[in-house]
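Reproduced below: entry_23.csv, with CSV, C-alpha atoms and all ligand atoms.
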chain,number,residue,atom,x,y,z
A,2,MET,CA,-95.5,-16.5,-28.5
A,3,SER,CA,-94.8,-13.4,-30.6
A,4,GLY,CA,-92.0,-11.4,-32.0
A,5,VAL,CA,-90.7,-7.8,-32.2
A,6,LEU,CA,-87.5,-6.2,-33.5
A,7,LEU,CA,-84.7,-4.4,-31.7
A,8,TYR,CA,-82.5,-2.2,-33.8
A,9,LYS,CA,-78.8,-2.6,-32.8
A,10,SER,CA,-78.6,1.2,-32.2
A,11,GLU,CA,-81.1,0.5,-29.3
A,12,LEU,CA,-79.1,-2.4,-27.6
A,13,CYS,CA,-77.1,0.1,-25.5
A,14,GLY,CA,-80.5,1.6,-24.4
A,15,LEU,CA,-81.8,-1.9,-23.5
A,16,ILE,CA,-78.8,-2.6,-21.2
A,17,HIS,CA,-79.2,0.8,-19.7
A,18,PHE,CA,-82.9,0.1,-19.0
A,19,LEU,CA,-82.1,-3.3,-17.5
A,20,VAL,CA,-79.3,-2.2,-15.1
A,21,ALA,CA,-81.6,0.6,-13.7
A,22,ASP,CA,-83.2,-1.7,-11.2
A,23,GLN,CA,-81.7,-5.1,-11.6
A,24,THR,CA,-78.3,-6.9,-11.6
A,25,VAL,CA,-77.4,-7.7,-15.2
A,26,ILE,CA,-75.1,-10.7,-15.9
A,27,ALA,CA,-73.6,-11.4,-19.3
A,28,PRO,CA,-70.5,-13.0,-20.9
A,29,VAL,CA,-67.4,-10.9,-20.6
A,30,PRO,CA,-63.9,-11.7,-22.1
A,31,LEU,CA,-61.1,-13.3,-20.1
A,32,THR,CA,-57.6,-14.0,-21.4
A,33,HIS,CA,-56.7,-16.8,-23.9
A,34,GLY,CA,-60.0,-16.6,-25.8
A,35,GLN,CA,-62.0,-17.5,-22.8
A,36,PHE,CA,-65.2,-16.0,-21.3
A,37,LYS,CA,-67.1,-15.9,-18.0
A,38,PHE,CA,-70.5,-14.7,-16.9
A,39,ALA,CA,-70.1,-11.6,-14.7
A,40,ALA,CA,-72.1,-8.5,-13.7
A,41,VAL,CA,-72.0,-5.7,-16.2
A,42,THR,CA,-73.3,-2.2,-16.3
A,43,THR,CA,-72.7,-1.2,-20.0
A,44,LEU,CA,-73.0,-2.8,-23.4
A,45,GLU,CA,-69.2,-2.3,-24.0
A,46,GLU,CA,-68.4,-4.9,-21.3
A,47,ILE,CA,-70.4,-7.6,-23.0
A,48,ALA,CA,-68.8,-10.1,-25.3
A,49,LEU,CA,-71.6,-10.6,-27.9
A,50,ASP,CA,-69.4,-13.1,-29.8
A,51,ALA,CA,-68.5,-15.3,-26.7
A,52,ILE,CA,-68.1,-19.0,-27.0
A,53,PRO,CA,-69.5,-21.0,-24.0
A,54,THR,CA,-68.1,-19.4,-20.7
A,55,LEU,CA,-65.7,-21.4,-18.5
A,56,LEU,CA,-68.5,-22.0,-15.9
A,57,PRO,CA,-72.1,-22.2,-17.1
A,58,PRO,CA,-74.9,-20.0,-15.8
A,59,LYS,CA,-75.9,-22.8,-13.3
A,60,LYS,CA,-73.6,-21.0,-10.8
A,61,TYR,CA,-76.3,-18.4,-10.3
A,62,PHE,CA,-79.2,-20.8,-9.6
A,63,LEU,CA,-77.1,-23.4,-7.8
A,64,PRO,CA,-74.1,-21.5,-6.3
A,65,PRO,CA,-70.8,-23.5,-5.8
A,66,GLN,CA,-71.4,-23.0,-2.1
A,67,GLU,CA,-74.6,-21.7,-0.4
A,68,SER,CA,-76.0,-21.7,3.1
A,69,LEU,CA,-79.3,-23.6,3.2
A,70,LEU,CA,-80.2,-22.8,6.8
A,71,GLN,CA,-78.9,-21.4,10.1
A,72,TYR,CA,-79.7,-22.6,13.6
A,73,ASP,CA,-79.3,-20.9,16.9
A,74,THR,CA,-80.3,-22.9,20.0
A,75,THR,CA,-79.8,-20.0,22.4
A,76,GLN,CA,-82.8,-18.2,20.9
A,77,GLY,CA,-86.4,-19.4,20.8
A,78,GLU,CA,-86.4,-20.0,17.1
A,79,LYS,CA,-84.0,-22.9,16.5
A,80,MET,CA,-83.7,-23.3,12.8
A,81,GLN,CA,-84.2,-20.8,9.9
A,82,ALA,CA,-84.0,-21.7,6.2
A,83,GLU,CA,-82.4,-19.0,4.1
A,84,VAL,CA,-82.1,-18.3,0.4
A,85,ALA,CA,-80.3,-15.3,-1.0
A,86,ILE,CA,-82.3,-13.7,-3.9
A,87,GLU,CA,-81.8,-10.7,-6.1
A,88,GLU,CA,-83.7,-9.6,-9.2
A,89,THR,CA,-81.2,-10.5,-12.0
A,90,VAL,CA,-81.2,-10.6,-15.8
A,91,LEU,CA,-79.0,-13.2,-17.5
A,92,PHE,CA,-78.3,-11.7,-20.9
A,93,GLY,CA,-76.7,-13.4,-23.9
A,94,LEU,CA,-77.5,-17.0,-23.1
A,95,HIS,CA,-76.8,-19.4,-26.0
A,96,THR,CA,-79.3,-22.1,-26.9
A,97,CYS,CA,-77.0,-24.7,-25.3
A,98,ASP,CA,-77.1,-22.8,-22.0
A,99,LEU,CA,-80.8,-22.4,-22.1
A,100,ALA,CA,-81.1,-26.2,-22.7
A,101,GLY,CA,-78.9,-26.8,-19.7
A,102,ILE,CA,-81.1,-24.6,-17.5
A,103,GLN,CA,-84.2,-26.5,-18.8
A,104,CYS,CA,-82.5,-29.8,-17.6
A,105,LEU,CA,-81.8,-28.3,-14.1
A,106,ASP,CA,-85.4,-27.1,-13.9
A,107,MET,CA,-86.6,-30.7,-14.5
A,108,VAL,CA,-84.4,-32.1,-11.8
A,109,PHE,CA,-85.0,-29.5,-9.2
A,110,ALA,CA,-88.8,-29.4,-9.8
A,111,ASP,CA,-88.9,-33.2,-9.5
A,112,ARG,CA,-90.0,-34.6,-6.1
A,113,PRO,CA,-88.8,-33.7,-3.5
A,114,LYS,CA,-88.8,-30.1,-5.0
A,115,ASP,CA,-85.8,-28.0,-4.3
A,116,LEU,CA,-87.2,-24.8,-3.0
A,117,HIS,CA,-83.9,-23.0,-2.8
A,118,TYR,CA,-83.4,-23.5,-6.5
A,119,MET,CA,-87.0,-22.8,-7.5
A,120,ILE,CA,-87.3,-19.6,-5.4
A,121,ARG,CA,-84.1,-18.2,-6.7
A,122,LYS,CA,-84.9,-19.1,-10.3
A,123,GLN,CA,-88.2,-17.1,-10.1
A,124,HIS,CA,-86.2,-13.9,-9.7
A,125,PHE,CA,-84.3,-14.3,-12.9
A,126,THR,CA,-85.1,-12.9,-16.4
A,127,LEU,CA,-83.5,-14.9,-19.1
A,128,ILE,CA,-82.5,-13.3,-22.4
A,129,GLY,CA,-81.1,-15.6,-25.1
A,130,LEU,CA,-78.8,-14.8,-28.0
A,131,GLU,CA,-78.7,-17.1,-31.0
A,132,CYS,CA,-75.4,-18.5,-32.3
A,133,ASN,CA,-75.3,-18.0,-36.1
A,134,ASP,CA,-72.2,-20.2,-36.4
A,135,TYR,CA,-70.5,-23.0,-34.6
A,136,CYS,CA,-68.4,-21.8,-31.5
A,137,ASP,CA,-65.4,-24.1,-32.1
A,138,SER,CA,-64.5,-27.8,-32.7
A,139,SER,CA,-65.4,-28.8,-29.1
A,140,ALA,CA,-69.1,-28.0,-29.5
A,141,ASN,CA,-71.5,-30.8,-30.4
A,142,CYS,CA,-74.8,-29.0,-30.1
A,143,ALA,CA,-76.1,-30.0,-33.6
A,144,MET,CA,-76.1,-33.7,-32.6
A,145,LEU,CA,-78.6,-32.8,-29.9
A,146,PHE,CA,-80.5,-30.1,-31.9
A,147,ASN,CA,-79.5,-27.6,-29.3
A,148,HIS,CA,-78.2,-25.1,-31.9
A,149,LEU,CA,-81.8,-23.9,-32.3
A,150,PRO,CA,-84.0,-22.2,-29.6
A,151,LYS,CA,-86.3,-24.6,-27.8
A,152,GLY,CA,-87.8,-22.3,-25.2
A,153,GLY,CA,-86.7,-21.7,-21.6
A,154,TYR,CA,-86.2,-18.0,-22.1
A,155,ASP,CA,-88.2,-14.8,-21.6
A,156,LEU,CA,-86.7,-13.1,-24.7
A,157,PHE,CA,-84.6,-14.5,-27.4
A,158,LEU,CA,-82.5,-12.3,-29.8
A,159,THR,CA,-81.4,-13.4,-33.2
A,160,ASP,CA,-78.9,-11.2,-35.0
A,161,LEU,CA,-80.2,-10.4,-38.5
A,162,GLY,CA,-77.8,-7.6,-39.5
A,163,ASP,CA,-79.0,-4.1,-38.5
A,164,TYR,CA,-81.4,-5.5,-36.0
A,165,TYR,CA,-82.3,-8.4,-33.7
A,166,PHE,CA,-85.4,-10.5,-34.2
A,167,VAL,CA,-86.7,-10.9,-30.7
A,168,ASP,CA,-88.9,-13.8,-29.7
A,169,ILE,CA,-91.1,-13.1,-26.7
A,170,ASN,CA,-91.8,-16.3,-24.8
A,171,THR,CA,-93.3,-15.2,-21.4
A,172,HIS,CA,-95.4,-12.6,-19.8
A,173,LYS,CA,-92.2,-11.3,-18.1
A,174,GLY,CA,-90.6,-10.9,-21.5
A,175,ASP,CA,-93.8,-9.1,-22.8
A,176,LEU,CA,-93.7,-6.6,-19.9
A,177,LEU,CA,-90.0,-5.9,-20.5
A,178,VAL,CA,-90.7,-5.1,-24.2
A,179,GLU,CA,-93.6,-2.9,-23.3
A,180,LYS,CA,-91.9,-1.0,-20.4
A,181,SER,CA,-88.6,-0.3,-22.2
A,182,GLY,CA,-90.3,1.2,-25.3
A,183,LEU,CA,-87.3,0.2,-27.4
A,184,PHE,CA,-88.8,-2.5,-29.6
A,185,VAL,CA,-90.7,-2.1,-32.9
A,186,PRO,CA,-93.1,-4.4,-34.7
A,187,VAL,CA,-91.9,-7.3,-36.8
A,188,THR,CA,-91.9,-6.7,-40.6
A,189,PRO,CA,-92.5,-9.4,-43.3
A,190,ALA,CA,-88.9,-8.9,-44.5
A,191,ALA,CA,-87.6,-9.7,-40.9
A,192,GLN,CA,-89.7,-12.8,-40.8
A,193,ASP,CA,-88.2,-13.9,-44.2
A,194,ASN,CA,-84.6,-13.1,-43.0
A,195,LEU,CA,-85.2,-15.3,-39.9
A,196,GLN,CA,-86.4,-18.2,-42.0
A,197,LYS,CA,-83.3,-17.8,-44.3
A,198,LEU,CA,-80.9,-17.8,-41.4
A,199,ARG,CA,-82.4,-20.9,-40.0
A,200,GLN,CA,-82.1,-22.6,-43.4
A,201,ILE,CA,-78.5,-21.6,-43.6
A,202,LYS,CA,-77.9,-22.9,-40.1
A,203,THR,CA,-79.2,-26.4,-41.0
A,204,LYS,CA,-76.2,-26.6,-43.4
A,205,ARG,CA,-73.7,-24.9,-41.1
A,206,PHE,CA,-74.5,-26.9,-38.0
A,207,LYS,CA,-73.8,-30.5,-39.0
A,208,SER,CA,-73.1,-33.1,-36.3
A,209,GLU,CA,-69.6,-34.5,-36.6
A,210,ILE,CA,-70.6,-37.6,-34.6
A,211,PRO,CA,-72.2,-40.2,-36.9
A,212,ILE,CA,-75.2,-41.2,-34.7
A,213,ARG,CA,-78.9,-40.4,-34.7
A,214,TYR,CA,-80.4,-39.0,-31.5
A,215,GLN,CA,-82.6,-42.1,-30.9
A,216,ASP,CA,-79.5,-44.3,-31.2
A,217,ILE,CA,-77.6,-42.6,-28.4
A,218,LYS,CA,-79.1,-44.3,-25.4
A,219,PRO,CA,-78.8,-47.8,-27.0
A,220,LEU,CA,-75.1,-47.1,-27.7
A,221,PHE,CA,-74.5,-46.5,-24.0
A,222,GLU,CA,-76.6,-49.5,-23.0
A,223,ALA,CA,-74.5,-51.7,-25.3
A,224,SER,CA,-71.1,-50.3,-24.2
A,225,PHE,CA,-71.1,-50.8,-20.4
A,226,GLU,CA,-68.2,-53.3,-20.6
A,227,SER,CA,-66.4,-51.3,-23.3
A,228,ASN,CA,-62.6,-50.9,-23.2
A,229,VAL,CA,-63.1,-47.2,-24.0
A,230,TRP,CA,-63.8,-46.6,-20.3
A,231,THR,CA,-60.6,-48.2,-19.3
A,232,ASP,CA,-58.7,-46.2,-21.9
A,233,ILE,CA,-60.1,-42.8,-20.8
A,234,GLY,CA,-59.8,-43.9,-17.1
A,235,ALA,CA,-56.1,-44.3,-17.6
A,236,LYS,CA,-55.8,-40.6,-18.8
A,237,CYS,CA,-58.3,-39.0,-16.4
A,238,LEU,CA,-56.8,-37.0,-13.5
A,239,ALA,CA,-60.0,-37.2,-11.4
A,240,CYS,CA,-59.9,-33.4,-11.0
A,241,GLY,CA,-63.7,-32.8,-11.5
A,242,ASN,CA,-63.3,-29.9,-13.9
A,243,CYS,CA,-65.6,-31.5,-16.4
A,244,THR,CA,-68.5,-31.8,-14.0
A,245,ASN,CA,-68.0,-28.3,-12.6
A,246,ALA,CA,-68.0,-26.9,-16.1
A,247,CYS,CA,-71.0,-29.0,-17.2
A,248,PRO,CA,-74.3,-27.0,-17.3
A,249,THR,CA,-76.3,-30.1,-16.4
A,250,CYS,CA,-74.2,-31.6,-13.6
A,251,TYR,CA,-75.8,-30.8,-10.2
A,252,CYS,CA,-74.4,-33.2,-7.6
A,253,PHE,CA,-73.8,-31.6,-4.3
A,254,ASP,CA,-72.7,-32.4,-0.8
A,255,ILE,CA,-74.3,-31.2,2.4
A,256,VAL,CA,-71.9,-30.1,5.2
A,257,ASP,CA,-72.8,-28.8,8.7
A,258,GLU,CA,-70.6,-26.1,10.2
A,259,PRO,CA,-71.3,-25.8,13.9
A,260,GLU,CA,-69.7,-23.1,16.0
A,261,PHE,CA,-67.3,-24.3,18.8
A,262,ASP,CA,-70.0,-24.3,21.5
A,263,LEU,CA,-72.4,-26.2,19.2
A,264,THR,CA,-75.3,-23.8,20.0
A,265,ARG,CA,-75.2,-22.1,16.5
A,266,GLY,CA,-74.3,-23.2,13.0
A,267,LYS,CA,-75.0,-23.4,9.3
A,268,ARG,CA,-75.9,-26.1,6.9
A,269,LEU,CA,-74.0,-25.6,3.6
A,270,ARG,CA,-74.6,-27.1,0.1
A,271,ILE,CA,-71.4,-27.4,-1.9
A,272,TRP,CA,-70.9,-28.7,-5.4
A,273,ASP,CA,-69.5,-32.2,-5.6
A,274,SER,CA,-68.2,-34.3,-8.5
A,275,CYS,CA,-68.7,-38.0,-9.4
A,276,GLN,CA,-65.1,-37.9,-10.7
A,277,HIS,CA,-63.7,-37.6,-7.1
A,278,GLU,CA,-62.6,-40.9,-5.6
A,279,ASN,CA,-64.7,-40.5,-2.4
A,280,PHE,CA,-67.9,-39.7,-4.2
A,281,ALA,CA,-69.2,-43.3,-4.2
A,282,ARG,CA,-67.5,-44.4,-1.0
A,283,ILE,CA,-69.8,-45.6,1.7
A,284,ALA,CA,-69.6,-46.7,5.3
A,285,GLY,CA,-67.3,-49.6,5.8
A,286,GLY,CA,-64.9,-48.3,3.1
A,287,GLU,CA,-66.6,-49.9,0.1
A,288,ASN,CA,-66.5,-47.8,-3.1
A,289,PHE,CA,-68.9,-48.5,-6.0
A,290,ARG,CA,-66.7,-46.6,-8.5
A,291,LYS,CA,-63.2,-46.8,-7.2
A,292,GLU,CA,-61.6,-46.9,-10.7
A,293,ARG,CA,-61.4,-43.7,-12.8
A,294,GLY,CA,-62.7,-45.5,-15.8
A,295,ASP,CA,-65.8,-46.5,-13.9
A,296,ARG,CA,-66.4,-42.9,-12.9
A,297,GLN,CA,-66.0,-41.7,-16.5
A,298,ARG,CA,-68.5,-44.3,-17.6
A,299,HIS,CA,-70.8,-43.0,-14.9
A,300,ARG,CA,-70.4,-39.4,-16.1
A,301,TYR,CA,-71.2,-40.3,-19.7
A,302,ASN,CA,-74.2,-42.4,-18.7
A,303,ARG,CA,-75.5,-39.6,-16.5
A,304,LYS,CA,-75.6,-37.5,-19.7
A,305,PHE,CA,-76.7,-39.9,-22.4
A,306,HIS,CA,-78.5,-42.8,-20.8
A,307,TYR,CA,-80.0,-42.5,-17.3
A,308,PRO,CA,-81.8,-39.1,-17.9
A,309,MET,CA,-83.5,-40.6,-20.9
A,310,GLU,CA,-85.0,-43.2,-18.6
A,311,ARG,CA,-86.1,-40.7,-16.0
A,312,TYR,CA,-86.8,-37.5,-18.0
A,313,LYS,CA,-86.9,-38.7,-21.6
A,314,GLN,CA,-84.2,-36.1,-22.2
A,315,ILE,CA,-80.5,-36.3,-22.9
A,316,PHE,CA,-78.6,-34.2,-20.4
A,317,CYS,CA,-75.8,-33.1,-22.7
A,318,THR,CA,-76.4,-29.7,-24.3
A,319,GLY,CA,-73.4,-30.0,-26.7
A,320,CYS,CA,-71.7,-26.9,-25.2
A,321,GLY,CA,-68.3,-28.6,-25.4
A,322,ARG,CA,-67.2,-27.3,-22.0
A,323,CYS,CA,-66.0,-30.7,-20.7
A,324,SER,CA,-63.7,-31.2,-23.7
A,325,ARG,CA,-62.4,-27.6,-23.6
A,326,THR,CA,-61.6,-27.7,-19.9
A,327,CYS,CA,-60.1,-31.2,-19.6
A,328,MET,CA,-56.4,-31.1,-18.7
A,329,ALA,CA,-56.0,-34.7,-19.9
A,330,ARG,CA,-57.6,-33.9,-23.2
A,331,ILE,CA,-60.4,-36.3,-22.8
A,332,ASP,CA,-62.7,-35.2,-25.6
A,333,LEU,CA,-66.4,-36.0,-25.8
A,334,LYS,CA,-66.6,-36.3,-29.6
A,335,GLU,CA,-63.6,-38.7,-29.5
A,336,THR,CA,-65.2,-40.8,-26.8
A,337,PHE,CA,-68.3,-41.1,-28.9
A,338,ASN,CA,-66.5,-42.0,-32.1
A,339,ALA,CA,-64.5,-44.7,-30.2
A,340,LEU,CA,-67.7,-46.2,-28.8
A,341,ILE,CA,-69.4,-46.1,-32.2
A,342,GLU,CA,-66.4,-47.7,-33.8
A,343,GLU,CA,-66.3,-50.5,-31.1
A,344,CYS,CA,-70.0,-51.2,-31.5
A,345,ARG,CA,-69.8,-51.6,-35.3
B,401,LIG,S1,-61.8,-32.8,-16.5
B,401,LIG,FE1,-60.7,-34.5,-17.6
B,401,LIG,S2,-59.1,-35.1,-16.2
B,401,LIG,FE2,-60.6,-33.9,-15.0
B,401,LIG,S3,-62.0,-35.4,-14.1
B,401,LIG,FE3,-62.9,-34.6,-16.0
B,401,LIG,S4,-62.3,-36.1,-17.6
B,401,LIG,FE4,-60.9,-36.5,-15.8
B,402,LIG,S1,-71.3,-33.3,-21.1
B,402,LIG,FE1,-69.8,-31.8,-21.9
B,402,LIG,S2,-70.7,-31.0,-23.8
B,402,LIG,FE2,-72.3,-32.1,-22.7
B,402,LIG,S3,-73.4,-30.5,-21.5
B,402,LIG,FE3,-71.8,-31.3,-20.1
B,402,LIG,S4,-70.0,-30.0,-20.4
B,402,LIG,FE4,-71.4,-29.6,-22.2

In structure tokens, what does this structure look like?
Ligand code: SF4
Ligand code: SF4
Amino acid sequence: MSGVLLYKSELCGLIHFLVADQTVIAPVPLTHGQFKFAAVTTLEEIALDAIPTLLPPKKYFLPPQESLLQYDTTQGEKMQAEVAIEETVLFGLHTCDLAGIQCLDMVFADRPKDLHYMIRKQHFTLIGLECNDYCDSSANCAMLFNHLPKGGYDLFLTDLGDYYFVDINTHKGDLLVEKSGLFVPVTPAAQDNLQKLRQIKTKRFKSEIPIRYQDIKPLFEASFESNVWTDIGAKCLACGNCTNACPTCYCFDIVDEPEFDLTRGKRLRIWDSCQHENFARIAGGENFRKERGDRQRHRYNRKFHYPMERYKQIFCTGCGRCSRTCMARIDLKETFNALIEECR
């Protein structure tokens, strides 16, 4: 791992260099202080000060709907897997979004490996951008140490005034730096400034939830029968916005779409949500999580409990999207504080 500097006057040149032969995706502004990831061609379109986008970057690796295979029984070849790929740069990824992509990588590289995800992912270049301050009151990245870079990128930019400190994390990142010719060597002063910023961040980024990382899983183990689930279940609209917006939610449904004569068709993968009533319904009409409170408990446990057992990793990045997007104002920090209060 090594570093270089990029003067801000060269950032426009970097975007120009990237768009020459790749699609570049970055946060762009929407109305009401919201942002989304979208294709850009110039620096002016990019919101460098964006808070987490409405949908996380998972939509590029795991599209809301994708065709996994096509079949045609009128031809000799009956079934053909398909995966749409395009060389793409994701620019301006916050540390929380990089953490979310790392969680998805663990899941989709687990057996059985998901080749559609893994093939598509190989064609992405990831360029992170450090948050020097908290996004808003919904974010809880400090509780999970996701306010600092923990890998998962090719290049990572930290704003240090007139220039960015650029951490090179992969060979792909190294090649990009070399080919663009826009970067300059790191100076001792830049190293010092990076250290100072990180020290300032330890004071700025304080978790507002009074719990240590290692105590999070036990909290959820102890609160399975908590009334908190009944309370938030009474408010929940079962819309599924929170899971769609979550960078680490990856549940999907598989749907076959045959043509009328049944000789040809497609197999589609479509995002699903554990918050929908039919998600846990099985043959015979039984439903393991019929009540909304049960489904909320499941969502939280899928972030803070079950992945710790399987991957030794909490699957919440602290992005705050679920709290920001919830029409019923179910807030992750409030849920935590209620559980902690109840377990005292
Ligand atoms: S976004 Fe809010 S209301 Fe909708 S399912 Fe999630 S918690 Fe329930
Ligand atoms: S649970 Fe909420 S805060 Fe945590 S990663 Fe998902 S959307 Fe972000």

Could you please extract the residues within 9 Å of ligand LIG 401 (chain B), counting all atoms listed in the file, and hand them back as a PDB file with C-alpha atoms, keeping the file's coordinate frame?
ATOM      1  CA  ILE A 233     -60.100 -42.800 -20.800  1.00  0.00           C
ATOM      2  CA  GLY A 234     -59.800 -43.900 -17.100  1.00  0.00           C
ATOM      3  CA  LYS A 236     -55.800 -40.600 -18.800  1.00  0.00           C
ATOM      4  CA  CYS A 237     -58.300 -39.000 -16.400  1.00  0.00           C
ATOM      5  CA  LEU A 238     -56.800 -37.000 -13.500  1.00  0.00           C
ATOM      6  CA  ALA A 239     -60.000 -37.200 -11.400  1.00  0.00           C
ATOM      7  CA  CYS A 240     -59.900 -33.400 -11.000  1.00  0.00           C
ATOM      8  CA  GLY A 241     -63.700 -32.800 -11.500  1.00  0.00           C
ATOM      9  CA  ASN A 242     -63.300 -29.900 -13.900  1.00  0.00           C
ATOM     10  CA  CYS A 243     -65.600 -31.500 -16.400  1.00  0.00           C
ATOM     11  CA  THR A 244     -68.500 -31.800 -14.000  1.00  0.00           C
ATOM     12  CA  ASN A 245     -68.000 -28.300 -12.600  1.00  0.00           C
ATOM     13  CA  ALA A 246     -68.000 -26.900 -16.100  1.00  0.00           C
ATOM     14  CA  SER A 274     -68.200 -34.300  -8.500  1.00  0.00           C
ATOM     15  CA  CYS A 275     -68.700 -38.000  -9.400  1.00  0.00           C
ATOM     16  CA  GLN A 276     -65.100 -37.900 -10.700  1.00  0.00           C
ATOM     17  CA  HIS A 277     -63.700 -37.600  -7.100  1.00  0.00           C
ATOM     18  CA  ARG A 293     -61.400 -43.700 -12.800  1.00  0.00           C
ATOM     19  CA  ARG A 296     -66.400 -42.900 -12.900  1.00  0.00           C
ATOM     20  CA  GLN A 297     -66.000 -41.700 -16.500  1.00  0.00           C
ATOM     21  CA  ARG A 300     -70.400 -39.400 -16.100  1.00  0.00           C
ATOM     22  CA  CYS A 323     -66.000 -30.700 -20.700  1.00  0.00           C
ATOM     23  CA  SER A 324     -63.700 -31.200 -23.700  1.00  0.00           C
ATOM     24  CA  ARG A 325     -62.400 -27.600 -23.600  1.00  0.00           C
ATOM     25  CA  THR A 326     -61.600 -27.700 -19.900  1.00  0.00           C
ATOM     26  CA  CYS A 327     -60.100 -31.200 -19.600  1.00  0.00           C
ATOM     27  CA  MET A 328     -56.400 -31.100 -18.700  1.00  0.00           C
ATOM     28  CA  ALA A 329     -56.000 -34.700 -19.900  1.00  0.00           C
ATOM     29  CA  ARG A 330     -57.600 -33.900 -23.200  1.00  0.00           C
ATOM     30  CA  ILE A 331     -60.400 -36.300 -22.800  1.00  0.00           C
ATOM     31  CA  ASP A 332     -62.700 -35.200 -25.600  1.00  0.00           C
TER      32      ASP A 332
END

**Prompt:** Which protein, DNA or RNA residues have an atom within 8 Å of ligand LIG 402 (chain B), counting all atoms listed in the file, as a PyMOL selection string?
**Reply:** chain A and resi 97+101+139-142+243-244+246-250+300-301+304+316-324+333

**Request:** Give the answer as one residue: which of A:Leu6, A:Val229, A:Cys344, A:Cys13 has the shortest atom-to-atom distance to Ile47 (chain A), using only C-alpha atoms?
**Result:**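 Of A:Leu6, A:Val229, A:Cys344, A:Cys13, the one nearest Ile47 (chain A), counting only C-alpha atoms, is A:Cys13.
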
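Take CA of Leu183 (chain A) and CA of Gln123 (chain A): the distance between them is 24.5 Å.
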
**Message:** When you count all atoms listed in the file, which of these residues is closest to Leu149 (chain A): A:Trp230, A:Phe62, A:Phe337, A:Phe206?
**Reply:**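 Using all atoms listed in the file, the shortest distance to Leu149 (chain A) belongs to A:Phe206.
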
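Taking all atoms listed in the file into account, Lys202 (chain A) lies nearest to A:Phe146 out of the set A:Phe38, A:Phe146, A:Tyr307, A:Tyr312.
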
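Residue nearest Asp168 (chain A), chosen from A:Lys291, A:Lys180, A:Lys151, A:Arg205 and counting only C-alpha atoms: A:Lys151.
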
**Message:** Using all atoms listed in the file - which residues lie no farther than 12 Å from the point (-85.3, -25.7, -10.3) in the file's frame? Write them as a ChimeraX atom specification.
**Reply:** /A:59,61-63,101-125,249,251

**Asked** Any idea what the distance is between CA of Thr32 (chain A) and CA of Phe92 (chain A)?
**Response**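 Separation of CA of Thr32 (chain A) and CA of Phe92 (chain A): 20.8 Å.
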
**Request:** Could you tell me which of A:Asp273, A:Asp50, A:Asp134, A:Asp73 comes closest to Arg199 (chain A) if we count only C-alpha atoms?
**Result:**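 Nearest to Arg199 (chain A): A:Asp134.
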
**Asked** Expressed in Å to a single decimal, how great is the separation between CA of Ser208 (chain A) and CA of Asp137 (chain A)?
**Response**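 Straight-line distance from CA of Ser208 (chain A) to CA of Asp137 (chain A) works out to 12.6 Å.
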
**Message:** Around (-83.9, -40.5, -29.4), as given in the file, which residues come within 12 Å? Count only C-alpha atoms and list them as an NGL selection string.
**Reply:** :A and (144-146 or 212-220 or 305-306 or 308-310 or 313-315)

**Request:** Could you tell me which of A:Pro211, A:Ala40, A:Tyr72, A:Tyr154 comes closest to Gln23 (chain A) if we count all atoms listed in the file?
**Result:**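 Closest to Gln23 (chain A) of all the choices is A:Ala40.
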
Residues near region 259-270 of chain A, anyone? I mean within 10 Å using only C-alpha atoms, not counting same-chain ones fewer than 2 positions away, as an mmCIF file with C-alpha atoms, in the coordinates of the input.
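around28.cif written:
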data_model
loop_
_atom_site.group_PDB
_atom_site.id
_atom_site.type_symbol
_atom_site.label_atom_id
_atom_site.label_comp_id
_atom_site.auth_asym_id
_atom_site.auth_seq_id
_atom_site.Cartn_x
_atom_site.Cartn_y
_atom_site.Cartn_z
ATOM 1 C CA LEU A 63 -77.100 -23.400 -7.800
ATOM 2 C CA PRO A 64 -74.100 -21.500 -6.300
ATOM 3 C CA PRO A 65 -70.800 -23.500 -5.800
ATOM 4 C CA GLN A 66 -71.400 -23.000 -2.100
ATOM 5 C CA GLU A 67 -74.600 -21.700 -0.400
ATOM 6 C CA SER A 68 -76.000 -21.700 3.100
ATOM 7 C CA LEU A 69 -79.300 -23.600 3.200
ATOM 8 C CA LEU A 70 -80.200 -22.800 6.800
ATOM 9 C CA GLN A 71 -78.900 -21.400 10.100
ATOM 10 C CA TYR A 72 -79.700 -22.600 13.600
ATOM 11 C CA ASP A 73 -79.300 -20.900 16.900
ATOM 12 C CA THR A 74 -80.300 -22.900 20.000
ATOM 13 C CA THR A 75 -79.800 -20.000 22.400
ATOM 14 C CA GLN A 76 -82.800 -18.200 20.900
ATOM 15 C CA LYS A 79 -84.000 -22.900 16.500
ATOM 16 C CA MET A 80 -83.700 -23.300 12.800
ATOM 17 C CA GLN A 81 -84.200 -20.800 9.900
ATOM 18 C CA ALA A 82 -84.000 -21.700 6.200
ATOM 19 C CA CYS A 252 -74.400 -33.200 -7.600
ATOM 20 C CA PHE A 253 -73.800 -31.600 -4.300
ATOM 21 C CA ASP A 254 -72.700 -32.400 -0.800
ATOM 22 C CA ILE A 255 -74.300 -31.200 2.400
ATOM 23 C CA VAL A 256 -71.900 -30.100 5.200
ATOM 24 C CA ASP A 257 -72.800 -28.800 8.700
ATOM 25 C CA TRP A 272 -70.900 -28.700 -5.400
ATOM 26 C CA ASP A 273 -69.500 -32.200 -5.600
#
